[in-house]
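S.K.: Structure in structure tokens, see below.
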Amino acid sequence: MIEVRDLSKRFGATLAVDGLNFAVAAGEILGFLGPNGAGKTTTMRLLTGFFPPTSGAAFIAGHDVVEEPLAARRAVGYLPENVPLYVGMRVREYLDFVGAAKGLDKLAARREGMRVMEATGITARAGQLIKQLSKGFRQRVGLAQALLGDPPVLILDEPTIGLDPGQIVEIRGLIKGMAGQKTVIFSSHILGEVAAVCQRVVIIAQGRLVAQGPPSLLSPEAQARALRLVAQAAPERLAQVLAAVPGVLSQEPLALAAGQEGCAALRLTLASGPQVVAAVARAVVEAGLGLVELTPLSQSLEEVFVQLTRGEPGPAAPTQAETQA
Amino acid sequence: MRGLQAIYLRELRAYFHSPIAYVLWVGFLLLTGYFFYSGTMYYALASLQTMQNPMGGGPNLHDYLVAPLLGNMSVLMMLMAPLLTMRLLSEEKRSGTLELLLSYPLGDLAVVLGKFLAALSMLALILAPTLLHMLILTWLGPVHWPGLLLGYLGLLLLGGGFVALGLLASACTENQIVAAVTAFAGLLLLWVLRWSGGLAGPTWGPLVEFLSLSLHFENLAKGLFDTADLAYFLLFMGFFLVASLRVLEAKRWKA
């Protein structure tokens with residue numbers, strides 16, 4: 001439904017988007033992640049045809065956004081980051097305008113307006129001036145105008161920013177409810193949100209694709225595992241045994257807990273996959289060393305994210321290869 | 001087409017959502033009312049004097065009263081138009097609504113034309129009540145209606161030129177004040193250009209004069225119709241509208 005090929009955008013000396021490639025299947029909800037200034041908004045503006053790419057191409061519903069801008073834009077509902085609305089208008093009047101601007105006749109525009117107000121829960125505010133609405137309601141009006149005309153593709157730039165927790169849950173629920181019906185790209189830097197709502201994530205940093213895959217890509221388990229291993233052995237002997245196990249990327253000594261005298265404790269970093277953990281356990285036992293403790297050391301979601309966007313070589317690459325295969 | 005209409009109606013409504021339209025309306029009518037009053041009083045005085053003149057031949061109503069009144073209105077319009085056009089694009093750029101507007105399936109042309117026509121219509125609406133003055137004149141003497149309507153056509157054409165130039169100024173900046181000042185400076189320059197025609201020598205002088213807005217309006221105010229004047233105004237509007245369109249497109253490329 002959405003396809004981005006070698007997309008680049010240069011502003012003067014800065015390369016905001018650098019050779020981006022990804023695709024979103026129909027009905028999929030894609031989380032678009034990256035630190036601030038990574039090029040998320042620029043990519044979204046390229047997709048909505050606000051400005052053309054320096055090189056590369058983007059397609060929406062099969063239409064090149066540069067060559068067939070009107071056809072591409074007809075398929076898109078867009079919610080820009082800070083929700084720019086005509087604040088002097090009333091909600092219904094504004095949605096009537098959006099309907100007409102999207103090419104609907106008066107009656108259809110009114111009907112669509114009613115539908116999207118219902119869907120976003122703003123029917124009761126129809127007669128209010130937009131400038132008198134709270135941030136949360138403005139956000140909903142923004143979402144309503146994006147939904148108006150029932151476009152198959154939605155591009156939402158930070159739709160939950162600045163909302164209170166209750167509102168965030170509601171907007172997320174709205175987006176999640178569109179799975180299967182709409183193709184959605186939404187950007188965020190709240191990682192939990194992306195994990196909760198999306199079927200797939202694309203992570204960019206400095207305009208480049210860093211990783212893409214299922215949201216579990218971000219889950220600490222999918223990343224390089226850190227394990228705490230305690231065994232009844234001399235530290236040197238243990239290190240020797242573990243060095244022979246393929247998949248053990250590094251080991252460093254850890255302090256022992258109380259009651260673990262005579263043991264050695266290590267922090268192991270492993271390549272992902274349960275086989276490696278099993279191999280570690282087997283190697284320790286087969287060497288005749290008493291395995292006392294084998295605990296996963298969890299990384300937080302944020303640590304995973306930082307690790308990914310710093311461009312450190314992590315095991316994200318295989319995940320990417322898997323999804324592309 | 002539906003998009004153009006949507007933009008047009010929204011812009012026109014936006015004038016009434018802000019006090020700008022009302023303030024300009026009241027100001028314009030107050031001033032034109034004053035000019036009308038003083039004009040008719042002088043006309044009455046002049047008529048009285050010629051009545052005592054045995055040679056006869058009173059002052060011509062159109063030349064003595066209507067044409068100068070139209071001239072005054074044209075100057076007021078020049079002061080007003082930049083205030084009507086300053087927000088057209090600059091406000092949308094500053095508040096970010098332009099980004100959303102340009103994500104709708106509208107051509108850039110629909111955006112530019114819709115806004116142009118809305119501002120011109122607003123100007124025409126402000127102008128319309130002055131026709132009442134002209135109706136009052138029918139009690140005073142023989143009004144030359146074709147000449148008078150040509151004068152109003154001239155005001156509309158002139159207004160179109162003012163608005164087109166103002167739109168370009170608004171497309172170039174995010175700041176409304178800058179847009180208004182730029183537009184006003186440009187209009188005033190084009191207005192007074194003819195006075196320096198003589199300085200430009202026999203070759204360039206007529207060209208400089210020809211470029212001046214006031215020269216072409218004056219003919220129409222006098223009730224003279226010349227296709228050259230019509231062509232001038234249409235080209236003037238076309239030039240500034242195309243320029244606005246290009247600026248809008250260029251902003252997209254650079255943005």
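Ordered as shown in the structure tokens, chains take letters A, B, and onward, while each chain numbers its residues from 1 and ligands are numbered from 1 in the order shown.
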Dump as a Markdown table the rows for residues of chain B within 6 Å of chain A: closest atom pair and distance in Å with one decimal, only C-alpha atoms counted, ordered by chain and rising residue number.

M.R.:
| residue | atom | partner | partner_atom | distance |
| --- | --- | --- | --- | --- |
| B:Arg2 | CA | A:Gly103 | CA | 5.8 |
| B:Gly3 | CA | A:Ala101 | CA | 4.5 |
| B:Ala6 | CA | A:Ala100 | CA | 5.5 |
| B:Gly96 | CA | A:Pro84 | CA | 5.4 |
| B:Thr97 | CA | A:Pro84 | CA | 4.8 |
| B:Ser103 | CA | A:Thr48 | CA | 5.6 |
| B:Tyr104 | CA | A:Lys102 | CA | 5.8 |
| B:Pro105 | CA | A:Leu70 | CA | 4.8 |
| B:Arg252 | CA | A:Phe51 | CA | 4.6 |
| B:Trp253 | CA | A:Phe51 | CA | 5.5 |

S.K.: If we count only C-alpha atoms, what is near Phe217 (chain B) at a cut-off of 8 Å, once residues fewer than 5 positions away on the same chain are taken out, given as a short mmCIF file (atom, residue, chain, number, x, y, z; two decimals) with all heavy atoms, in the first residue's frame?

M.R.:
data_model
loop_
_atom_site.label_atom_id
_atom_site.label_comp_id
_atom_site.auth_asym_id
_atom_site.auth_seq_id
_atom_site.Cartn_x
_atom_site.Cartn_y
_atom_site.Cartn_z
N GLY B 154 -13.58 49.52 -13.40
CA GLY B 154 -12.19 49.92 -13.20
C GLY B 154 -11.73 49.65 -11.77
O GLY B 154 -10.64 49.12 -11.55
N LEU B 155 -12.59 49.97 -10.80
CA LEU B 155 -12.23 49.72 -9.40
C LEU B 155 -12.03 48.24 -9.14
O LEU B 155 -11.12 47.84 -8.42
CB LEU B 155 -13.33 50.26 -8.47
CG LEU B 155 -13.37 51.77 -8.25
CD1 LEU B 155 -14.56 52.14 -7.37
CD2 LEU B 155 -12.09 52.27 -7.60
N LEU B 158 -8.79 47.15 -10.82
CA LEU B 158 -7.71 47.69 -10.01
C LEU B 158 -7.56 46.86 -8.73
O LEU B 158 -6.45 46.48 -8.34
CB LEU B 158 -8.02 49.14 -9.67
CG LEU B 158 -6.92 49.97 -9.06
CD1 LEU B 158 -5.80 50.18 -10.05
CD2 LEU B 158 -7.49 51.33 -8.62
N ASP B 229 -6.31 49.11 -21.58
CA ASP B 229 -6.41 49.15 -20.12
C ASP B 229 -6.87 47.82 -19.56
O ASP B 229 -6.34 47.32 -18.56
CB ASP B 229 -7.38 50.26 -19.69
CG ASP B 229 -6.89 51.64 -20.12
OD1 ASP B 229 -5.65 51.83 -20.16
OD2 ASP B 229 -7.73 52.50 -20.43
#

S.K.: Do you have the CA of Met178 (chain A)-CA of Ile2 (chain A) distance handy?

M.R.: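 For CA of Met178 (chain A) relative to CA of Ile2 (chain A), the distance reads 16.1 Å.
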
S.K.: Based on the backbone DSSP call, show me all residues of region 134-260 of chain A assigned alpha helix (DSSP H), as a PyMOL selection string.

M.R.: chain A and resi 135-147+165-176+191-197+235-243

S.K.: Fewer than 4 positions away in the same chain doesn't count, so skip those; otherwise give me all residues within 10 Å of region 46-60 of chain B, counting only C-alpha atoms, as a list in words.

M.R.: Thr40, Met41, Tyr42, Tyr64, Leu65, Val66, Gly141, Pro142, Val143 and His144 of chain B

S.K.: So that I can see what lies close to region 172-187 of chain B, please list as an NGL selection string the residues with an atom at most 6 Å from it, counting only C-alpha atoms and leaving out residues fewer than 2 positions away in the same chain.

M.R.: :B and (82-83 or 86-87 or 90 or 93-94 or 166 or 169-170 or 189-191)

S.K.: Go ahead and save the picked residues with C-alpha atoms, as a PDB file, in the first residue's frame.

M.R.:
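Produced file again_19.pdb, reproduced below:
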ATOM      1  CA  PRO B  82      -2.675  44.862   1.660  1.00  0.00           C
ATOM      2  CA  LEU B  83      -4.576  44.499   4.935  1.00  0.00           C
ATOM      3  CA  MET B  86      -1.566  39.947   4.199  1.00  0.00           C
ATOM      4  CA  ARG B  87      -2.875  36.883   5.989  1.00  0.00           C
ATOM      5  CA  SER B  90       1.532  33.880   5.483  1.00  0.00           C
ATOM      6  CA  LYS B  93       2.527  29.100   6.715  1.00  0.00           C
ATOM      7  CA  ARG B  94       3.135  30.360  10.208  1.00  0.00           C
ATOM      8  CA  GLY B 166      -0.726  41.348  -2.126  1.00  0.00           C
ATOM      9  CA  ALA B 169       3.727  39.326  -0.912  1.00  0.00           C
ATOM     10  CA  SER B 170       1.846  37.017   1.444  1.00  0.00           C
ATOM     11  CA  LEU B 189       5.525  52.406  -6.418  1.00  0.00           C
ATOM     12  CA  LEU B 190       3.424  51.156  -9.319  1.00  0.00           C
ATOM     13  CA  TRP B 191       0.884  53.868  -8.575  1.00  0.00           C
TER      14      TRP B 191
END

S.K.: Write out as a list of chain:residue names which residues come within 7 Å of Val292 (chain A) when counting only C-alpha atoms, dropping same-chain ones fewer than 5 positions away.

M.R.: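 Contacts, with the query itself left out: A:Val230, A:Ala231, A:Gln232.
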
S.K.: Would you save the residues of that selection, restricted to N, CA, C and O atoms, as a JSON list (two decimals), in the first residue's frame?

M.R.:
[["chain", "number", "residue", "atom", "x", "y", "z"],
["A", 230, "VAL", "N", 26.13, -18.28, 37.44],
["A", 230, "VAL", "CA", 26.92, -18.59, 38.64],
["A", 230, "VAL", "C", 27.15, -20.10, 38.64],
["A", 230, "VAL", "O", 26.22, -20.88, 38.43],
["A", 231, "ALA", "N", 28.37, -20.50, 38.81],
["A", 231, "ALA", "CA", 28.70, -21.93, 38.84],
["A", 231, "ALA", "C", 29.73, -22.21, 39.90],
["A", 231, "ALA", "O", 30.52, -21.33, 40.26],
["A", 232, "GLN", "N", 29.74, -23.46, 40.37],
["A", 232, "GLN", "CA", 30.74, -23.85, 41.36],
["A", 232, "GLN", "C", 32.01, -24.20, 40.61],
["A", 232, "GLN", "O", 32.16, -25.33, 40.13]]

S.K.: Pull the strand (DSSP E) assignments for region 112-325 of chain A out of DSSP run on the backbone, and list those residues as a PyMOL selection string.

M.R.: chain A and resi 153-157+183-188+200-205+208-213+225-232+248-253+264-270+290-297

S.K.: Nearest to Asn36 (chain A): which of A:Ser187, A:Gln128, A:Thr160, A:Gln212 is it, counting only C-alpha atoms?

M.R.: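 For Asn36 (chain A), the nearest of the given residues is A:Ser187.
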
S.K.: For Ala26 (chain A), which residue out of A:Leu229, A:Ala205, A:Leu254, A:Met1 is the nearest one, using only C-alpha atoms?

M.R.: A:Met1

S.K.: Tell me which protein, DNA and RNA residues are within 10 Å of Ala21 (chain B), counting only C-alpha atoms, leaving out same-chain ones fewer than 4 positions away, and put them as a PyMOL selection string.

M.R.: chain B and resi 12-17+25-27+83-84+122-123+125-126

S.K.: Show which residues sit within 9 Å of Lys176 (chain A), as a ChimeraX atom specification. Count only C-alpha atoms, and ignore same-chain residues fewer than 5 positions away.

M.R.: /A:29,171,196-198

S.K.: Please, what distance in Å, to one decimal, runs between CA of Pro35 (chain A) and CA of His189 (chain A)?

M.R.: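 Separating CA of Pro35 (chain A) from CA of His189 (chain A) is a distance of 6.7 Å.
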
S.K.: Find the residue from A:Leu30, A:Ala283, A:Leu249, A:Val24 that sits nearest to Leu268 (chain A); use only C-alpha atoms when measuring.

M.R.: A:Leu249

S.K.: Can you tell me how far CA of Thr41 (chain A) sits from CA of Leu106 (chain B), in Å to one decimal?

M.R.: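 Separation of CA of Thr41 (chain A) and CA of Leu106 (chain B): 21.4 Å.
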